[in-house]
>>> print(open('query32.txt').read())   # compact mmCIF, C-alpha atoms
# COMPACT_ATOMS: atom_id res chain seq x y z
CA MET A 1 105.80 143.04 71.98
CA THR A 2 106.96 139.40 71.86
CA GLU A 3 109.26 139.92 74.87
CA THR A 4 106.34 141.26 76.94
CA VAL A 5 104.15 138.25 76.09
CA GLU A 6 106.98 135.82 76.93
CA LYS A 7 107.59 137.62 80.21
CA VAL A 8 103.92 137.35 81.20
CA GLN A 9 103.83 133.64 80.31
CA LYS A 10 107.02 133.00 82.29
CA THR A 11 105.51 134.69 85.36
CA GLU A 12 102.36 132.59 84.99
CA LEU A 13 104.41 129.39 84.75
CA ASN A 14 106.35 130.39 87.85
CA GLU A 15 103.10 130.96 89.71
CA LYS A 16 101.81 127.53 88.73
CA LYS A 17 105.06 125.97 89.92
CA MET A 18 104.80 127.94 93.16
CA PHE A 19 101.22 126.78 93.79
CA ARG A 20 102.22 123.16 93.17
CA THR A 21 105.24 123.48 95.45
CA ILE A 22 103.18 124.94 98.29
CA PHE A 23 100.39 122.40 97.77
CA TRP A 24 102.70 119.38 98.08
CA ARG A 25 104.87 120.78 100.87
CA GLN A 26 102.00 122.00 103.07
CA PHE A 27 101.04 118.41 103.87
CA GLN A 28 103.99 118.45 106.27
CA LEU A 29 102.56 121.37 108.24
CA LEU A 30 101.82 119.09 111.19
CA GLY A 31 104.98 117.03 110.65
CA CYS A 32 107.01 118.86 113.27
CA MET A 33 104.79 120.39 115.94
CA SER A 34 106.27 122.45 118.74
CA HIS A 35 104.53 123.24 122.03
CA THR A 36 105.83 126.80 121.95
CA ARG A 37 105.29 127.73 118.29
CA MET A 38 102.97 124.95 117.07
CA GLN A 39 103.13 124.66 113.24
CA GLU A 40 105.90 127.25 112.69
CA ILE A 41 108.57 124.85 111.44
CA GLY A 42 106.20 123.30 108.90
CA TYR A 43 105.02 126.75 107.80
CA GLY A 44 108.55 128.01 107.22
CA TRP A 45 109.59 124.76 105.51
CA THR A 46 106.58 124.92 103.17
CA LEU A 47 107.40 128.44 102.01
CA ALA A 48 111.21 128.08 101.94
CA PRO A 49 111.65 127.36 98.18
CA VAL A 50 109.34 130.22 97.21
CA LEU A 51 111.05 132.62 99.61
CA LYS A 52 114.40 131.67 98.08
CA GLU A 53 113.07 132.76 94.67
CA ILE A 54 111.68 136.02 96.06
CA TYR A 55 114.89 136.87 97.94
CA PRO A 56 118.01 135.89 95.94
CA ASP A 57 120.13 137.63 98.59
CA ARG A 58 120.96 135.04 101.29
CA ASP A 59 120.59 137.42 104.25
CA LYS A 60 117.18 138.64 103.14
CA TYR A 61 116.10 135.05 102.48
CA LEU A 62 117.14 134.00 106.00
CA GLU A 63 115.32 137.00 107.47
CA SER A 64 112.14 136.03 105.61
CA LEU A 65 112.52 132.39 106.66
CA LYS A 66 112.88 133.47 110.29
CA ARG A 67 109.82 135.69 109.90
CA GLU A 68 107.79 132.81 108.44
CA SER A 69 108.88 130.49 111.25
CA MET A 70 107.10 132.49 113.94
CA PHE A 71 104.14 131.08 115.90
CA PHE A 72 101.43 129.68 113.65
CA ASN A 73 98.46 127.40 114.31
CA THR A 74 95.30 126.93 112.27
CA THR A 75 93.28 124.24 110.52
CA GLN A 76 95.61 122.62 108.01
CA ALA A 77 93.15 122.75 105.10
CA LEU A 78 92.82 126.55 105.36
CA ALA A 79 96.51 127.28 106.00
CA PRO A 80 97.39 127.48 102.27
CA PHE A 81 95.12 130.52 101.90
CA ILE A 82 97.22 132.33 104.53
CA MET A 83 100.38 131.00 102.86
CA GLY A 84 99.32 132.46 99.51
CA LEU A 85 98.57 135.79 101.14
CA THR A 86 101.90 135.69 102.98
CA ILE A 87 103.85 134.98 99.79
CA SER A 88 102.11 137.88 98.06
CA MET A 89 103.09 140.16 100.95
CA GLU A 90 106.68 138.88 100.94
CA LYS A 91 106.85 139.63 97.22
CA GLU A 92 105.51 143.13 97.88
CA ASN A 93 108.14 143.55 100.60
CA ALA A 94 110.91 142.54 98.17
CA GLU A 95 109.69 145.04 95.56
CA ASN A 96 108.71 147.93 97.84
CA PRO A 97 111.38 149.31 100.20
CA ASP A 98 108.72 151.18 102.22
CA PHE A 99 106.75 148.03 103.04
CA ASP A 100 106.48 147.33 106.80
CA VAL A 101 107.38 143.67 107.44
CA ASN A 102 105.47 143.69 110.76
CA THR A 103 102.30 143.64 108.67
CA ILE A 104 103.07 140.12 107.44
CA ASN A 105 102.95 138.53 110.89
CA GLY A 106 100.09 140.82 111.85
CA VAL A 107 97.95 139.45 109.02
CA LYS A 108 98.97 135.85 109.83
CA VAL A 109 98.08 136.26 113.50
CA GLY A 110 94.83 138.00 112.62
CA LEU A 111 93.67 135.24 110.27
CA MET A 112 94.86 132.03 111.92
CA GLY A 113 92.41 132.20 114.86
CA PRO A 114 89.21 132.74 112.85
CA PHE A 115 90.35 130.24 110.21
CA ALA A 116 90.98 127.64 112.92
CA GLY A 117 87.45 128.13 114.24
CA ILE A 118 85.87 127.95 110.78
CA GLY A 119 88.03 125.06 109.56
CA ASP A 120 87.67 122.88 112.67
CA THR A 121 83.91 123.38 112.68
CA PHE A 122 83.51 122.64 108.98
CA PHE A 123 85.97 119.77 108.48
CA TYR A 124 85.98 117.97 111.83
CA ALA A 125 82.60 118.72 113.40
CA THR A 126 80.37 118.90 110.30
CA LEU A 127 81.78 117.38 107.09
CA ARG A 128 83.34 114.34 108.77
CA VAL A 129 80.14 113.57 110.70
CA ILE A 130 77.90 113.93 107.61
CA ILE A 131 80.15 111.72 105.47
CA THR A 132 80.39 109.10 108.23
CA SER A 133 76.60 108.96 108.50
CA LEU A 134 76.37 108.46 104.71
CA VAL A 135 78.85 105.58 104.46
CA ILE A 136 78.50 103.81 107.83
CA GLY A 137 75.77 101.50 106.54
CA LEU A 138 78.04 100.24 103.76
CA ALA A 139 80.94 99.75 106.15
CA LEU A 140 78.81 97.84 108.70
CA ASN A 141 77.69 95.44 105.94
CA GLY A 142 81.32 94.74 105.03
CA ASN A 143 81.15 96.64 101.75
CA ILE A 144 84.61 97.94 100.76
CA MET A 145 82.95 100.99 99.16
CA GLY A 146 82.23 102.35 102.67
CA PRO A 147 85.82 103.35 103.54
CA ILE A 148 86.65 104.19 99.91
CA LEU A 149 83.71 106.62 99.68
CA TYR A 150 84.65 108.12 103.05
CA VAL A 151 88.21 108.83 101.92
CA LEU A 152 87.06 110.32 98.61
CA LEU A 153 84.18 112.41 99.97
CA TYR A 154 86.32 113.84 102.75
CA ASN A 155 89.56 114.42 100.87
CA ILE A 156 88.36 115.78 97.51
CA PRO A 157 86.89 119.01 98.96
CA ASN A 158 89.76 119.17 101.44
CA TYR A 159 92.42 119.06 98.70
CA LEU A 160 90.54 121.44 96.41
CA ILE A 161 90.27 123.99 99.22
CA ARG A 162 93.98 123.64 99.95
CA TYR A 163 95.08 124.22 96.36
CA PHE A 164 92.63 126.92 95.31
CA GLY A 165 92.84 128.56 98.74
CA CYS A 166 96.53 129.19 98.09
CA VAL A 167 95.80 130.54 94.61
CA TYR A 168 93.05 132.84 95.89
CA GLY A 169 95.13 134.02 98.86
CA TYR A 170 98.01 134.91 96.54
CA ARG A 171 95.75 136.69 94.04
CA LEU A 172 93.99 138.57 96.83
CA GLY A 173 97.30 139.54 98.44
CA SER A 174 98.32 142.51 96.34
CA THR A 175 94.74 143.80 96.17
CA TYR A 176 94.35 143.34 99.91
CA ILE A 177 97.54 145.28 100.60
CA THR A 178 96.56 148.12 98.27
CA GLU A 179 93.06 148.43 99.73
CA ALA A 180 94.36 148.15 103.28
CA ALA A 181 96.84 150.96 102.61
CA LYS A 182 94.14 153.21 101.11
CA THR A 183 91.63 152.69 103.93
CA GLY A 184 94.16 152.95 106.76
CA LEU A 185 93.67 149.31 107.77
CA LEU A 186 97.35 148.64 107.04
CA ASP A 187 98.38 151.21 109.65
CA CYS A 188 96.07 149.57 112.20
CA ILE A 189 97.48 146.11 111.43
CA THR A 190 101.05 147.44 111.66
CA LYS A 191 100.33 149.07 115.02
CA ALA A 192 98.67 145.93 116.36
CA ALA A 193 101.55 143.78 115.09
CA SER A 194 104.14 146.04 116.71
CA ILE A 195 102.26 145.73 120.04
CA ILE A 196 101.98 141.92 119.73
CA TRP A 197 105.58 141.30 118.64
CA GLY A 198 106.91 144.01 120.93
>>> encode(input="query32.txt", output="structure tokens")
Amino acid sequence: MTETVEKVQKTELNEKKMFRTIFWRQFQLLGCMSHTRMQEIGYGWTLAPVLKEIYPDRDKYLESLKRESMFFNTTQALAPFIMGLTISMEKENAENPDFDVNTINGVKVGLMGPFAGIGDTFFYATLRVIITSLVIGLALNGNIMGPILYVLLYNIPNYLIRYFGCVYGYRLGSTYITEAAKTGLLDCITKAASIIWG
């Protein structure tokens, strides 16, 4: 009984460490953009330490790293949700020999477009404009609180969405995979992914 409790706690601590690792590393998502694959290097680099834990075998780790360094481009604040979902799927792949790895990129490709549209509209076209209109009067009068409030009001929701988006994506991952398998959605995603990635 004690061993089971300790095992559960250890898993929880590992998850917290994983969420922190992804949160701090994902800030480099735009650090190395490529015209052909956009944010792929940053995406792979962000997930590398977690993938190394999931795949102790070096060859499988390198395969997963190559898989997570495929084309990726979305709003940076919403990317951690997809990262959490991806890590959950990679974990499922490591535990389930029948898991189709094409599904992982299929889900990433399917989500990054809509998330880019939602994220760009919310963060850049709406939130930024509203916050600017709230603090511009202070800034024009030379009040230092203008830029300070702007940075706080813009970044607090941004950072919260990044962290908890990753947590929610990871938690949703296994449920999403199970439901997708039951409803046949997983087969559709796999077929679409095989067509896209040829």
>>> closest_residue(input="query32.txt", among="A:Val101, A:Lys91, A:Asn141, A:Ala77", to="A:Arg171", atoms="only C-alpha atoms")
A:Lys91
>>> closest_atom_pairs(input="query32.txt", of="stretch 10-66 of chain A", to="stretch 102-121 of chain A", cutoff="12 Å", atoms="all atoms listed in the file", output="tab-separated table")
residue	atom	partner	partner_atom	distance
A:Met38	CA	A:Met112	CA	11.9
A:Gln39	CA	A:Met112	CA	11.2
A:Glu40	CA	A:Lys108	CA	11.4
A:Tyr43	CA	A:Lys108	CA	11.1
A:Ser64	CA	A:Ile104	CA	10.1
A:Lys66	CA	A:Asn105	CA	11.2
>>> closest_residue(input="query32.txt", among="A:Phe99, A:Trp24, A:Tyr55, A:Phe72", to="A:Cys166", atoms="only C-alpha atoms")
A:Trp24
>>> atom_distance(input="query32.txt", atom1="atom CA of A:Ser34", atom2="atom CA of A:Lys52")
24.0 Å
>>> closest_residue(input="query32.txt", among="A:Val151, A:Met83, A:Met145, A:Val50", to="A:Val167", atoms="all atoms listed in the file")
A:Met83
>>> residues_near_point(input="query32.txt", point="(93.5, 125.6, 105.9)", cutoff="8 Å", atoms="all atoms listed in the file", output="VMD selection string")
chain A and resid 74 to 82 115 to 116 119 161 to 162 165
>>> residues_near_point(input="query32.txt", point="(107.7, 134.7, 99.8)", cutoff="10 Å", atoms="all atoms listed in the file", output="ChimeraX atom specification")
/A:18,47-55,61,64-65,68,83-94
>>> residues_around(input="query32.txt", residues="A:Arg128", least_positions_apart="5", cutoff="12 Å", atoms="all atoms listed in the file", output="VMD selection string")
chain A and resid 119 to 123 133 to 136 149 to 155 157 to 158
>>> atom_distance(input="query32.txt", atom1="atom CA of A:Gly44", atom2="atom CA of A:Asn73")
12.3 Å
>>> atom_distance(input="query32.txt", atom1="atom CA of A:Arg37", atom2="atom CA of A:Phe71")
4.3 Å
>>> residues_around(input="query32.txt", residues="A:Gly31", least_positions_apart="4", cutoff="10 Å", atoms="only C-alpha atoms", output="list in words")
Gln26, Phe27, Gln39, Ile41 and Gly42 of chain A
